[in-house]
Each structure stands twice: as C-alpha cells, then as structure tokens.
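This is start36.cif (mmCIF, C-alpha atoms).
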```cif
data_structure
#
loop_
_atom_site.label_atom_id
_atom_site.label_comp_id
_atom_site.auth_asym_id
_atom_site.auth_seq_id
_atom_site.Cartn_x
_atom_site.Cartn_y
_atom_site.Cartn_z
CA MET A 27 95.96 102.23 122.28
CA THR A 28 94.84 104.59 119.56
CA ILE A 29 97.14 106.21 117.04
CA ASP A 30 97.30 109.96 116.77
CA PRO A 31 95.74 110.87 113.38
CA LYS A 32 98.84 112.82 112.40
CA TYR A 33 100.74 109.52 112.20
CA PHE A 34 98.22 108.10 109.78
CA GLU A 35 98.93 111.09 107.60
CA LEU A 36 102.67 110.61 107.93
CA ILE A 37 102.41 106.91 107.15
CA GLN A 38 100.44 107.66 104.02
CA ALA A 39 102.83 110.43 102.98
CA GLU A 40 105.82 108.11 103.45
CA ILE A 41 104.25 105.34 101.34
CA ASP A 42 103.26 107.85 98.67
CA GLY A 43 106.77 109.31 98.61
CA GLU A 44 105.51 112.71 99.69
CA ILE A 45 107.03 113.06 103.15
CA ASP A 46 109.53 115.76 104.10
CA ASP A 47 112.66 115.16 106.18
CA ALA A 48 111.14 116.33 109.44
CA GLY A 49 108.07 114.18 108.96
CA LYS A 50 110.21 111.20 108.06
CA ALA A 51 112.25 111.51 111.25
CA GLU A 52 109.11 111.86 113.34
CA LEU A 53 107.55 108.83 111.70
CA GLU A 54 110.65 106.72 112.20
CA ASN A 55 110.64 107.48 115.92
CA PHE A 56 106.97 106.68 116.15
CA LEU A 57 107.26 103.38 114.26
CA ALA A 58 110.22 102.31 116.36
CA GLU A 59 108.03 102.53 119.45
CA SER A 60 104.61 101.51 118.15
CA GLU A 61 103.80 97.97 117.11
CA GLU A 62 100.31 99.08 116.17
CA GLY A 63 101.81 101.81 114.02
CA ARG A 64 104.01 99.30 112.21
CA ALA A 65 101.00 97.07 111.56
CA VAL A 66 99.08 100.00 110.06
CA TYR A 67 102.10 100.89 107.93
CA GLU A 68 102.47 97.35 106.60
CA GLU A 69 98.77 97.03 105.87
CA LEU A 70 98.66 100.26 103.92
CA GLU A 71 101.86 99.48 102.09
CA THR A 72 100.52 96.09 101.01
CA LEU A 73 97.31 97.65 99.78
CA CYS A 74 99.17 100.31 97.82
CA ARG A 75 101.44 97.72 96.26
CA SER A 76 98.39 95.76 95.11
CA LEU A 77 96.85 98.91 93.68
CA ASP A 78 100.07 99.83 91.89
CA SER A 79 100.28 96.39 90.36
CA MET A 80 96.83 96.45 88.79
CA PRO A 81 97.45 95.66 85.14
CA SER A 82 97.10 98.24 82.44
CA LEU A 83 94.88 97.30 79.51
CA ASN A 84 95.64 97.99 75.89
CA PRO A 85 92.93 100.00 74.17
CA PRO A 86 91.21 98.28 71.22
CA SER A 87 93.59 98.37 68.29
CA HIS A 88 91.16 100.21 66.04
CA LEU A 89 90.43 102.97 68.53
CA ARG A 90 93.22 105.27 67.45
CA HIS A 91 92.20 105.22 63.81
CA MET A 92 88.60 105.80 64.79
CA LEU A 93 89.65 108.82 66.79
CA LEU A 94 91.84 110.15 64.03
CA ASN A 95 89.09 109.66 61.51
CA GLN A 96 86.71 111.65 63.66
CA ALA A 97 89.01 114.62 63.88
CA PRO A 98 88.49 116.98 60.96
CA VAL A 99 91.30 116.84 58.42
CA LYS A 100 92.03 120.55 58.79
CA ALA A 101 91.41 121.57 62.32
CA PRO A 102 89.74 124.93 62.53
CA THR A 103 90.23 126.92 65.71
CA GLN A 104 86.77 125.94 66.77
CA PRO A 105 85.74 122.77 65.00
CA SER A 106 82.06 122.15 65.17
CA PRO A 107 81.22 118.50 64.60
CA ASN A 108 77.80 117.73 63.38
CA LEU A 109 75.11 116.15 65.46
CA LEU A 110 75.89 112.67 64.22
CA GLN A 111 79.52 112.95 65.26
CA ARG A 112 78.48 114.06 68.73
CA LEU A 113 75.97 111.30 69.12
CA PHE A 114 78.23 108.60 67.86
CA SER A 115 81.33 109.70 69.63
CA GLY A 116 79.87 109.84 73.09
CA PRO A 117 78.31 107.52 75.60
CA LEU A 118 75.11 107.79 73.62
CA LEU A 119 76.70 105.46 71.15
CA GLY A 120 74.14 103.00 69.99
CA TYR A 121 70.60 102.99 68.88
CA VAL A 122 69.13 103.47 72.31
CA GLY A 123 70.85 106.81 72.74
CA VAL A 124 69.45 108.04 69.52
CA PHE A 125 65.96 107.09 70.47
CA ALA A 126 66.38 108.69 73.85
CA ALA A 127 67.60 111.85 72.20
CA GLY A 128 64.57 111.88 69.98
CA VAL A 129 66.58 111.76 66.82
CA ALA A 130 64.85 110.12 63.95
CA LEU A 131 66.15 106.77 62.96
CA THR A 132 65.85 105.88 59.37
CA LEU A 133 64.72 102.43 58.59
CA ALA A 134 65.26 101.84 54.93
CA LEU A 135 64.12 98.85 53.06
CA LEU A 136 65.21 98.48 49.54
CA ASP A 137 63.09 97.70 46.61
CA SER A 138 64.16 94.14 46.33
CA GLY A 139 62.42 90.95 45.47
CA GLN A 140 63.89 89.45 48.59
CA ILE A 141 61.87 91.57 50.96
CA SER A 142 58.45 90.83 52.33
CA ARG A 143 56.15 93.35 53.96
CA GLY A 144 55.79 91.14 57.01
CA ALA A 145 59.49 91.21 57.55
CA PHE A 146 59.40 95.00 57.57
CA ASP A 147 57.26 94.98 60.70
CA ASP A 148 59.59 92.58 62.40
CA VAL A 149 62.61 94.72 61.69
CA THR A 150 60.91 97.91 62.81
CA GLY A 151 60.24 96.39 66.18
CA LEU A 152 63.71 95.00 66.38
CA VAL A 153 65.44 98.28 65.77
CA GLY A 154 63.61 99.71 68.73
CA THR A 155 64.74 96.87 70.94
CA LEU A 156 68.38 97.30 70.02
CA ALA A 157 68.39 99.52 73.06
CA ASP A 158 69.41 96.40 74.90
CA ALA A 159 71.04 94.67 72.02
CA GLY A 160 73.37 92.53 74.09
CA ARG A 161 70.50 90.83 75.88
CA ILE A 162 67.85 90.79 73.21
CA ALA A 163 70.12 90.04 70.30
CA PRO A 164 73.14 88.14 71.60
CA GLU A 165 76.50 88.52 69.93
CA HIS A 166 78.04 85.76 67.89
CA GLY A 167 81.27 87.51 67.15
CA THR A 168 82.96 90.81 66.48
CA ILE A 169 85.70 91.68 64.07
CA SER A 170 87.85 94.78 64.26
CA ILE A 171 89.29 96.67 61.37
CA ASP A 172 92.13 99.08 61.87
CA LYS A 173 93.13 100.58 58.56
CA SER A 174 93.94 104.16 57.74
CA GLU A 175 90.93 104.25 55.39
CA VAL A 176 88.42 102.77 57.82
CA ALA A 177 88.46 101.61 61.41
CA GLY A 178 85.94 100.17 63.83
CA THR A 179 84.04 97.00 64.51
CA VAL A 180 81.40 94.80 62.92
CA THR A 181 79.36 92.58 65.21
CA LEU A 182 77.07 89.72 64.30
CA ARG A 183 73.98 89.31 66.44
CA SER A 184 70.83 87.29 66.07
CA THR A 185 67.32 87.20 67.33
CA GLY A 186 64.96 84.50 66.19
CA PRO A 187 65.47 84.03 62.47
CA LEU A 188 67.09 87.44 62.04
CA LEU A 189 70.81 87.90 61.72
CA ILE A 190 71.92 91.43 62.49
CA VAL A 191 75.22 92.67 61.12
CA ASP A 192 75.96 95.70 63.27
CA PHE A 193 78.50 98.13 61.77
CA ASP A 194 80.25 100.74 63.92
CA LEU A 195 82.80 102.28 61.61
CA SER A 196 84.64 105.45 60.91
CA ALA A 197 86.01 106.06 57.42
CA ARG A 198 88.31 108.81 56.25
CA GLN A 199 87.27 108.35 52.66
CA PRO A 200 84.47 106.58 50.81
CA VAL A 201 84.64 102.86 51.41
CA GLU A 202 82.56 99.97 50.21
CA ILE A 203 81.78 96.96 52.34
CA VAL A 204 80.42 93.79 50.83
CA ALA A 205 78.74 91.35 53.20
CA GLY A 206 78.40 88.07 51.34
CA TYR A 207 76.58 84.89 52.36
CA SER A 208 76.58 81.73 50.35
CA ASP A 209 73.45 80.19 51.89
CA LYS A 210 70.74 80.91 49.31
CA THR A 211 67.97 80.51 51.88
CA ILE A 212 69.16 83.68 53.60
CA TRP A 213 67.73 86.90 52.28
CA PHE A 214 68.21 90.57 52.87
CA ASN A 215 65.59 91.77 55.31
CA GLY A 216 66.32 95.43 55.98
CA PHE A 217 68.71 98.17 56.87
CA ALA A 218 68.78 100.72 59.67
CA GLN A 219 71.07 103.64 60.27
CA LEU A 220 71.12 106.59 62.56
CA GLU A 221 70.81 109.27 59.93
CA SER A 222 69.27 109.26 56.53
CA THR A 223 72.35 110.35 54.64
CA GLY A 224 75.87 109.17 54.26
CA THR A 225 75.32 105.50 53.65
CA SER A 226 73.93 103.79 50.62
CA ILE A 227 73.11 100.16 50.25
CA ALA A 228 72.51 97.68 47.47
CA ALA A 229 71.25 94.15 47.96
CA GLU A 230 71.38 91.21 45.64
CA THR A 231 71.08 87.49 46.17
CA GLY A 232 73.95 86.40 48.37
CA ALA A 233 75.42 89.81 49.09
CA VAL A 234 74.70 93.24 50.51
CA THR A 235 76.95 96.13 49.58
CA VAL A 236 77.18 99.23 51.75
CA ARG A 237 78.94 102.45 50.76
CA MET A 238 79.85 104.87 53.48
CA ASP A 239 82.07 107.74 54.51
CA GLY A 240 82.65 109.38 57.88
CA LYS A 241 81.51 107.91 61.16
CA ARG A 242 78.52 105.65 60.83
CA ARG A 243 76.55 103.19 62.89
CA TYR A 244 74.13 101.02 61.01
CA ALA A 245 72.80 97.49 60.84
CA VAL A 246 71.99 95.11 58.04
CA TYR A 247 69.26 92.57 58.75
CA LEU A 248 69.28 89.18 57.12
CA ASN A 249 66.53 86.63 57.40
CA ASN A 250 67.79 83.16 58.13
CA PRO A 251 64.49 81.26 58.23
CA GLY A 252 66.00 77.91 59.15
CA MET A 253 68.21 79.50 61.81
CA ARG A 254 70.95 77.39 60.29
CA PRO A 255 74.67 77.93 60.66
CA ALA A 256 75.75 80.82 58.47
CA THR A 257 78.91 82.64 57.55
CA ILE A 258 79.08 86.29 56.56
CA ASP A 259 82.13 87.18 54.49
CA LEU A 260 83.06 90.82 54.83
CA ARG A 261 85.17 92.57 52.24
CA PHE A 262 86.25 96.15 52.80
CA MET A 263 87.25 98.16 49.74
CA ALA A 264 88.67 101.60 49.16
CA ASN A 265 89.71 103.09 45.83
CA ASP A 266 88.53 99.86 44.19
CA GLU A 267 91.04 97.82 46.13
CA VAL A 268 90.37 95.26 48.82
CA ILE A 269 91.88 96.59 52.04
CA HIS A 270 90.59 94.01 54.49
CA GLU A 271 88.66 90.76 54.61
CA ALA A 272 87.04 89.11 57.60
CA GLN A 273 84.41 86.56 58.45
CA LEU A 274 81.62 86.35 61.01
CA SER A 275 79.87 83.10 61.80
CA PHE A 276 76.57 82.09 63.30
CA SER A 277 76.59 78.56 64.67
CA GLY A 278 72.88 77.98 64.20
CA THR A 279 70.04 77.29 66.58
CA GLU A 280 68.40 73.97 67.22
CA MET B 7 115.82 114.98 69.34
CA SER B 8 113.44 115.29 72.26
CA GLU B 9 109.71 114.83 71.83
CA PRO B 10 107.69 118.06 71.77
CA ASN B 11 105.92 118.75 75.03
CA ASP B 12 102.14 118.67 75.37
CA THR B 13 101.76 122.44 75.25
CA LYS B 14 103.67 122.65 71.99
CA LEU B 15 101.57 119.86 70.56
CA MET B 16 98.38 121.62 71.60
CA GLU B 17 99.58 124.80 69.90
CA ARG B 18 100.26 122.85 66.75
CA CYS B 19 96.84 121.18 66.96
CA SER B 20 95.22 124.60 67.15
CA ASN B 21 96.96 125.48 63.93
CA GLY B 22 95.51 122.47 62.20
CA ASP B 23 98.48 120.13 62.57
CA ARG B 24 96.95 116.70 62.43
CA GLN B 25 100.22 114.98 63.22
CA ALA B 26 100.37 116.84 66.54
CA PHE B 27 96.94 115.50 67.42
CA GLU B 28 98.13 112.02 66.50
CA MET B 29 101.10 112.42 68.85
CA LEU B 30 98.88 113.53 71.71
CA LEU B 31 96.63 110.61 70.98
CA ALA B 32 99.58 108.20 71.05
CA ARG B 33 100.69 109.69 74.35
CA TYR B 34 97.34 109.73 76.13
CA GLU B 35 95.16 107.10 74.51
CA LYS B 36 96.23 104.34 76.88
CA PRO B 37 96.10 106.29 80.18
CA VAL B 38 92.74 107.79 79.26
CA PHE B 39 91.32 104.42 78.26
CA ASN B 40 92.64 102.77 81.43
CA ALA B 41 91.40 105.54 83.71
CA ALA B 42 87.96 105.25 82.15
CA TYR B 43 88.09 101.48 82.43
CA ARG B 44 88.92 101.61 86.14
CA MET B 45 86.14 104.13 86.70
CA LEU B 46 83.55 102.19 84.70
CA ASN B 47 84.67 98.57 84.88
CA SER B 48 83.78 97.98 81.23
CA PRO B 49 86.14 98.06 78.25
CA ASP B 50 83.30 98.96 75.89
CA ASP B 51 82.22 101.89 78.03
CA ALA B 52 85.85 102.93 78.40
CA ARG B 53 86.22 102.94 74.63
CA ASP B 54 83.19 105.19 74.21
CA VAL B 55 84.36 107.55 76.93
CA THR B 56 87.85 107.67 75.39
CA GLN B 57 86.28 108.69 72.09
CA THR B 58 84.29 111.42 73.80
CA VAL B 59 87.35 112.69 75.66
CA PHE B 60 89.48 113.09 72.56
CA LEU B 61 86.67 114.60 70.57
CA LYS B 62 86.16 117.12 73.37
CA VAL B 63 89.85 117.90 73.44
CA TYR B 64 89.77 118.49 69.71
CA GLU B 65 86.60 120.54 69.86
CA HIS B 66 87.85 122.74 72.68
CA LEU B 67 91.44 123.28 71.63
CA ASP B 68 90.86 127.00 71.93
CA GLN B 69 89.74 126.66 75.53
CA TYR B 70 92.95 125.05 76.69
CA ASP B 71 94.89 127.37 78.97
CA PRO B 72 98.61 126.62 78.57
CA LYS B 73 99.37 127.85 82.06
CA TYR B 74 97.87 124.57 83.25
CA ARG B 75 99.40 121.26 82.35
CA PHE B 76 97.72 119.37 79.54
CA PHE B 77 97.50 116.10 81.44
CA SER B 78 95.48 117.70 84.23
CA TRP B 79 93.03 118.99 81.64
CA ILE B 80 92.60 115.71 79.78
CA TYR B 81 92.43 113.63 82.97
CA ARG B 82 89.79 115.99 84.36
CA ILE B 83 87.75 115.55 81.19
CA THR B 84 88.22 111.79 81.44
CA LEU B 85 87.02 111.57 85.03
CA ASN B 86 84.12 113.94 84.42
CA GLU B 87 83.04 112.03 81.34
CA SER B 88 83.30 108.75 83.25
CA ILE B 89 81.14 110.13 86.04
CA ASN B 90 78.65 111.49 83.49
CA TRP B 91 78.55 108.03 81.94
CA LEU B 92 77.85 106.48 85.33
CA LYS B 93 75.01 108.99 85.83
CA LYS B 94 73.52 108.25 82.44
CA THR B 95 73.60 104.54 83.09
CA ASN B 96 72.32 104.93 86.64
CA ARG B 97 75.49 103.49 88.08
CA LEU B 98 76.57 106.52 90.03
CA ASP B 99 75.94 104.91 93.38
CA ALA B 100 78.63 102.60 94.62
CA LEU B 101 77.75 98.99 93.94
CA GLU B 102 76.91 96.68 96.76
CA GLY B 103 79.41 93.99 97.53
CA ASP B 104 77.88 91.32 95.32
CA THR B 105 79.94 92.36 92.32
CA ALA B 106 83.07 91.24 94.12
CA ASP B 107 81.79 87.78 94.94
CA SER B 108 83.69 86.14 92.15
CA ALA B 109 86.93 87.08 93.85
CA SER B 110 86.31 85.34 97.16
CA GLY B 111 87.54 81.94 98.32
CA PRO B 112 90.79 80.90 99.93
CA GLU B 113 92.40 79.22 96.92
CA GLN B 114 91.84 82.34 94.84
CA GLU B 115 93.93 84.47 97.13
CA ALA B 116 97.09 83.16 95.57
CA SER B 117 96.26 84.38 92.14
CA ASN B 118 97.42 87.83 91.15
CA GLN B 119 94.77 88.00 88.50
CA GLN B 120 92.07 87.24 91.00
CA LEU B 121 93.49 89.80 93.38
CA SER B 122 93.43 92.30 90.56
CA GLU B 123 89.84 91.39 89.72
CA GLY B 124 88.96 91.56 93.39
CA MET B 125 90.57 94.97 93.59
CA GLN B 126 88.61 96.20 90.58
CA ALA B 127 85.42 94.85 92.10
CA ALA B 128 86.26 96.56 95.39
CA LEU B 129 86.94 99.78 93.50
CA MET B 130 83.44 99.64 92.10
CA THR B 131 82.02 99.53 95.62
CA ILE B 132 83.41 102.93 96.57
CA SER B 133 81.96 106.20 95.34
CA PRO B 134 83.26 107.68 92.07
CA ASP B 135 84.94 110.55 93.96
CA TYR B 136 87.02 108.11 95.96
CA ARG B 137 87.58 105.93 92.92
CA ALA B 138 88.91 108.94 91.04
CA VAL B 139 91.68 109.65 93.56
CA ILE B 140 92.73 106.01 93.53
CA VAL B 141 92.83 106.01 89.73
CA LEU B 142 94.86 109.21 89.65
CA LYS B 143 97.30 108.05 92.30
CA HIS B 144 97.80 104.40 91.49
CA LEU B 145 97.00 104.10 87.80
CA LEU B 146 98.13 107.45 86.47
CA GLY B 147 100.89 107.97 89.03
CA CYS B 148 99.90 111.52 89.97
CA SER B 149 101.33 113.30 93.00
CA TYR B 150 99.08 114.95 95.61
CA GLN B 151 99.67 118.28 93.93
CA GLU B 152 98.79 116.89 90.51
CA ILE B 153 95.65 115.22 91.84
CA SER B 154 94.72 118.52 93.42
CA GLU B 155 95.17 120.19 90.03
CA VAL B 156 93.12 117.60 88.15
CA LEU B 157 90.25 117.51 90.62
CA GLU B 158 90.48 121.18 91.51
CA ILE B 159 90.41 120.48 95.22
CA PRO B 160 92.95 121.45 97.93
CA GLU B 161 95.83 119.07 98.60
CA LYS B 162 94.61 118.53 102.12
CA LYS B 163 91.38 117.19 100.72
CA VAL B 164 93.29 114.97 98.31
CA LYS B 165 95.10 113.36 101.24
CA SER B 166 91.98 112.79 103.29
CA ARG B 167 90.03 111.48 100.30
CA LEU B 168 92.87 109.14 99.41
CA TYR B 169 93.10 107.92 102.97
CA THR B 170 89.37 107.23 103.23
CA ALA B 171 89.30 105.54 99.82
CA ARG B 172 92.13 103.23 100.87
CA GLN B 173 90.44 102.44 104.17
CA LEU B 174 87.25 101.49 102.35
CA LEU B 175 89.14 99.32 99.90
CA GLN B 176 91.09 97.66 102.68
CA GLN B 177 87.88 96.91 104.52
CA MET B 178 86.25 95.46 101.43
CA LEU B 179 89.25 93.29 100.58
CA THR B 180 89.59 92.05 104.15
CA GLU B 181 85.92 91.08 104.20
CA ARG B 182 86.53 89.03 101.09
CA GLY B 183 89.67 87.40 102.35
CA LEU B 184 91.86 89.03 99.75
CA HIS B 185 94.05 90.98 102.12
#
```
Mind converting the file's structure to structure tokens?
Amino acid sequence: MTIDPKYFELIQAEIDGEIDDAGKAELENFLAESEEGRAVYEELETLCRSLDSMPSLNPPSHLRHMLLNQAPVKAPTQPSPNLLQRLFSGPLLGYVGVFAAGVALTLALLDSGQISRGAFDDVTGLVGTLADAGRIAPEHGTISIDKSEVAGTVTLRSTGPLLIVDFDLSARQPVEIVAGYSDKTIWFNGFAQLESTGTSIAAETGAVTVRMDGKRRYAVYLNNPGMRPATIDLRFMANDEVIHEAQLSFSGTE
Amino acid sequence: MSEPNDTKLMERCSNGDRQAFEMLLARYEKPVFNAAYRMLNSPDDARDVTQTVFLKVYEHLDQYDPKYRFFSWIYRITLNESINWLKKTNRLDALEGDTADSASGPEQEASNQQLSEGMQAALMTISPDYRAVIVLKHLLGCSYQEISEVLEIPEKKVKSRLYTARQLLQQMLTERGLH
C-alpha cells in the first residue's frame, strides 16, 4: 500500500509543530488506520529528534575579541576596511589566499649575524608552500590569546630544521610580542608577513620581538639545525606591561 | 530592563555605537559559528566564515532593511558565505559516503557522540541547499516561514526541500546502521 503524499506533508508538519487543527484531525484519523503511516511517522520523528540533539559547539574563546578588534572604533555609516582586513577576515585567510589573489607577500630578513644567505632561499620556498601548511609543516601546538588588547592564535609548525611560529592576531592597540628560546643552537632565520607595513621585528640571540597593531598574519622562522626539542616562550605586552604569557613546544625529531 | 531588540541594536551600530555591535556579536556569534560549522564540517573554516559574516554585517550596516528581521539577514549571509567557502575549496559537491565510515559498526550505535558524528557525516553527503534547510530547522530552530525568509524561497519549497533532505539523511543513516 502506498501513502498519499499529502499525509507525508501532514506528518512532517505535525513533527515540526506547524500543523493546523484541521490537518491534525485528518492526520490522527489516518494514523489510526494506517500501520505504514505510523511507521513513517516514528521514523521521521526519530530522525528529527537526533537532528535536534546534535550538540552545539562553543566558538573559539578569542573569536569575539578578534571580531571586535576588526570593527573600526568609530563606525562610519559605510566603513571601508582596507584590503588587508578583507583578505584576513575572509576565507582567504592564510598565505595561500594571498598568493592566489596576487597580493605581494613581503619576506623580510633582518640584518642579523644569525642569518645566512642559504637560509633565505629555504625560507622563500617555504613561504610559498604554506599554502598547505597543515600537511607540509605539521602543527606542534597552538595557543590562544583572548585579551581586550590583542586576540588570536599562535601556532608552532615545523618542516625539516625550520620551526615556524605562525601568528594570526588582531590587536586594538600597539602590542609587542617576544618569542624567546633558550637553546643557543637555534637562530632566527626569517620573517614573512602579508603586507609590508604594520609589523616590525627585531631579532637577537635567544629572542625575536615583534611589534604590531591591527589585524596581522605573519610567521617567524627559526632554524633548529639539530631538530632537537625546543620551547618557545611567548610574552605579550601592551603599554609596557605583560598581558599574557604562553609556551609552545617542539618535541624534536629523531 | 529588557534587552534591546536586534533592529534597535543595528540602528545604534549605524550611529557608531560599538557596544551595540558587541551585543549583537554576543547574541549571534554562537549560532553563526555553529551554522557555519554544520555547513562546512570544520571548526577552523567555521571560524573564518564567522569572521567574514560579522565583518560583512559591519560593513553593510547601511544596507540592512529594518522591515526584515535581522536574524534572517545574518543567517542568509552565513549560509551564502559557507557555500562560497565550499566553492572556493572545491567542496561544493556532496561528499561520497566514505566520510561517514568512522560512524559505522554495531557497537557504535549506542553512543550519542557517534550518532552525532554520523549525523554530521551524513549531512556532508547531501547538497548544501538541503544542508542549509536542515541547519536552519534543527540547529537554528527556524519555522518554515523563517526559513522561507532566510533562503528567499516559497514556504512550499521549504517543506519539500526539508522533506527530501530528511529522506536522504534517513537513507544514509540506515545504510550505516545508525538508524
């Protein structure tokens, strides 16, 4: 026996709480007489219960601050975010999107005794391959920061002897981030960001200091020639005060 | 004192009231994130889409027409941005069943978490249009009329799309022994 399609509609409307009195009465009569109809009803009801009970996830804790930091302080009637904001805020997030969009990526190496020319080539190639960072440069950990001054994430990745500290942050005011490493065999290898302004960097033995404001995505490259276990201590500062401290660790490679 | 409604908050946002934007964000951050997550099946992608949605809301405050409800506007942006994301990542086509494999097996049936994972995997096998009505109905709790408003399609179409989407999900879950 086949069920008249109108009863399917009534069954669905009843389960969804959208049936009128006349429809309800008609459905009740139908279900009282149709075993097949009752089976369809139960099946759909079970499915809908399962769908209703799918858990709700909490957004990342830093997301709200990131979003607030992106909104201009004084909202004009027609705010016009700059290109960087658009690129970073959307699904193009990440280095691959920028390459795809043909936007120039700045690869800056500092004048530091720690840097070799050979390393420069390595880093240049690596930045291009960050398109598929998760596969090519696996993650070793991510920390979140959720402060009113700055919010976002910092992820530690590695590929070969290179450690990549990947910053995805949004700051409402100038902040300074110090990435320190006690292993003296590790040296600063390079820096990449998605626009040539807005972030400055200083490197010394055992620490790299980045100063930024606004929404920024950039990476600091450290050479860890022995591929030994390493710890990166991150210190976030605003108005000369430490606002957050965190640590990222690399467990080493045999 | 009652909370200001969405329209009032939007008016205040247009006048540069940052606190109003913060209130809208507090109200809609979680539903937007979850809708995007169910559409995309990735918390990272959902985070990026959520950012885009709120930035678009902020950018286009002047385009909001108060005769329509705010939630229908922001949910429409969310679903459109999710579908755009799927297009950009070449994931617009429904996935074949292999993504749901992890949820099969008789002993797994008992677990709510596995059922939930199986349901999410099944959701990813239906087209984004069908997925969207399921998300609106079951995750965001919209009525037929509200779904019609968000998707800008007639209510009759909402009902038929919802029915087909559920049939497809039922079929997928039955095949995997989850229902």
I'd like to see the residues matched by the PyMOL selection byres ((chain B) within 8 of (chain A)) on this file, and ideally I'd get them as a CSV table (one decimal) with C-alpha atoms, keeping the file's coordinate frame.
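File part-v4.csv, as written:
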```
chain,number,residue,atom,x,y,z
B,19,CYS,CA,96.8,121.2,67.0
B,20,SER,CA,95.2,124.6,67.2
B,21,ASN,CA,97.0,125.5,63.9
B,22,GLY,CA,95.5,122.5,62.2
B,23,ASP,CA,98.5,120.1,62.6
B,24,ARG,CA,97.0,116.7,62.4
B,28,GLU,CA,98.1,112.0,66.5
B,31,LEU,CA,96.6,110.6,71.0
B,32,ALA,CA,99.6,108.2,71.0
B,35,GLU,CA,95.2,107.1,74.5
B,36,LYS,CA,96.2,104.3,76.9
B,39,PHE,CA,91.3,104.4,78.3
B,40,ASN,CA,92.6,102.8,81.4
B,51,ASP,CA,82.2,101.9,78.0
B,53,ARG,CA,86.2,102.9,74.6
B,54,ASP,CA,83.2,105.2,74.2
B,55,VAL,CA,84.4,107.6,76.9
B,57,GLN,CA,86.3,108.7,72.1
B,58,THR,CA,84.3,111.4,73.8
B,60,PHE,CA,89.5,113.1,72.6
B,61,LEU,CA,86.7,114.6,70.6
B,64,TYR,CA,89.8,118.5,69.7
B,65,GLU,CA,86.6,120.5,69.9
B,66,HIS,CA,87.8,122.7,72.7
B,67,LEU,CA,91.4,123.3,71.6
B,68,ASP,CA,90.9,127.0,71.9
B,91,TRP,CA,78.6,108.0,81.9
B,121,LEU,CA,93.5,89.8,93.4
B,122,SER,CA,93.4,92.3,90.6
B,125,MET,CA,90.6,95.0,93.6
B,144,HIS,CA,97.8,104.4,91.5
B,145,LEU,CA,97.0,104.1,87.8
B,149,SER,CA,101.3,113.3,93.0
B,150,TYR,CA,99.1,115.0,95.6
B,165,LYS,CA,95.1,113.4,101.2
B,169,TYR,CA,93.1,107.9,103.0
B,172,ARG,CA,92.1,103.2,100.9
B,176,GLN,CA,91.1,97.7,102.7
B,185,HIS,CA,94.0,91.0,102.1
```
### Task
Starting from the displayed file, determine the output of the PyMOL selection byres ((chain A and resi 183-191) around 6) and express the residue list as a PyMOL selection string.
chain A and resi 163-166+181-182+192+245-251+253
### Task
Find the residues around Ala41 in chain B up to 9 Å (only C-alpha atoms counted), leave out those fewer than 5 positions away in its own chain, and share them as an MDAnalysis selection string.
chainID B and resid 36 46 52 81 84:85 88 138 141:142 145:146
### Query
Near range 270-279 of chain A, within 8 Å and counting all atoms listed in the file, which residues show up once chain neighbours fewer than 5 positions away are dropped, as a list in words?
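Once the adjacent positions are removed, what remains is His166, Gly167, Thr168, Ile169, Ile171, Thr181, Leu182, Met253, Arg254, Pro255, Ala256, Thr257, Ile258, Asp259, Leu260, Arg261, Phe262 and Met263 of chain A.
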### Task
Quote the spacing between CA of Ile140 in chain B and CA of Asn55 in chain A in Å to one decimal place.
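One can read the CA of Ile140 in chain B to CA of Asn55 in chain A distance as 28.7 Å.
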### Task
Please return, as an MDAnalysis selection string, all polymer residues that have at least one atom within 10 Å of the point (94.6, 121.0, 85.0); use only C-alpha atoms and the file's own coordinate frame.
chainID B and resid 70:83 152:158
### Query
Could you state the separation of CA of Asn11 in chain B and CA of Gln25 in chain B in Å, given to one decimal place?
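Here the two named atoms are 13.6 Å from each other.
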### Query
Just how far from CA of Asn95 in chain A is CA of Pro37 in chain B, in Å to one decimal?
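Interatomic distance here is 20.2 Å.
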Take every atom of range 232-249 of chain A listed in the file, fit an axis-aligned box around them, add 3 Å per side, and give the centre and edge lengths in Å to one decimal as lines of an AutoDock Vina configuration file.
```
center_x = 74.6
center_y = 97.9
center_z = 55.6
size_x = 22.1
size_y = 29.0
size_z = 20.5
```
### Explicit residues for the PyMOL selection byres ((chain A and resi 235-241) around 9) (as JSON, numbers by chain)
{"A": [92, 95, 96, 110, 111, 114, 115, 176, 194, 195, 196, 197, 198, 199, 200, 201, 202, 203, 204, 205, 206, 224, 225, 226, 227, 228, 229, 230, 233, 234, 242, 243]}
Let me see the file: selected residues, C-alpha atoms, as a short mmCIF file (atom, residue, chain, number, x, y, z; two decimals), in the frame of the given file.
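New file part_15.cif:
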```
data_model
loop_
_atom_site.label_atom_id
_atom_site.label_comp_id
_atom_site.auth_asym_id
_atom_site.auth_seq_id
_atom_site.Cartn_x
_atom_site.Cartn_y
_atom_site.Cartn_z
CA MET A 92 88.60 105.80 64.79
CA ASN A 95 89.09 109.66 61.51
CA GLN A 96 86.71 111.65 63.66
CA LEU A 110 75.89 112.67 64.22
CA GLN A 111 79.52 112.95 65.26
CA PHE A 114 78.23 108.60 67.86
CA SER A 115 81.33 109.70 69.63
CA VAL A 176 88.42 102.77 57.82
CA ASP A 194 80.25 100.74 63.92
CA LEU A 195 82.80 102.28 61.61
CA SER A 196 84.64 105.45 60.91
CA ALA A 197 86.01 106.06 57.42
CA ARG A 198 88.31 108.81 56.25
CA GLN A 199 87.27 108.35 52.66
CA PRO A 200 84.47 106.58 50.81
CA VAL A 201 84.64 102.86 51.41
CA GLU A 202 82.56 99.97 50.21
CA ILE A 203 81.78 96.96 52.34
CA VAL A 204 80.42 93.79 50.83
CA ALA A 205 78.74 91.35 53.20
CA GLY A 206 78.40 88.07 51.34
CA GLY A 224 75.87 109.17 54.26
CA THR A 225 75.32 105.50 53.65
CA SER A 226 73.93 103.79 50.62
CA ILE A 227 73.11 100.16 50.25
CA ALA A 228 72.51 97.68 47.47
CA ALA A 229 71.25 94.15 47.96
CA GLU A 230 71.38 91.21 45.64
CA ALA A 233 75.42 89.81 49.09
CA VAL A 234 74.70 93.24 50.51
CA ARG A 242 78.52 105.65 60.83
CA ARG A 243 76.55 103.19 62.89
#
```
### Task
Would you list the residues near (91.2, 107.5, 99.8) (no more than 10 Å away, in the coordinates of the file, using only C-alpha atoms) as a count of residues only?
21
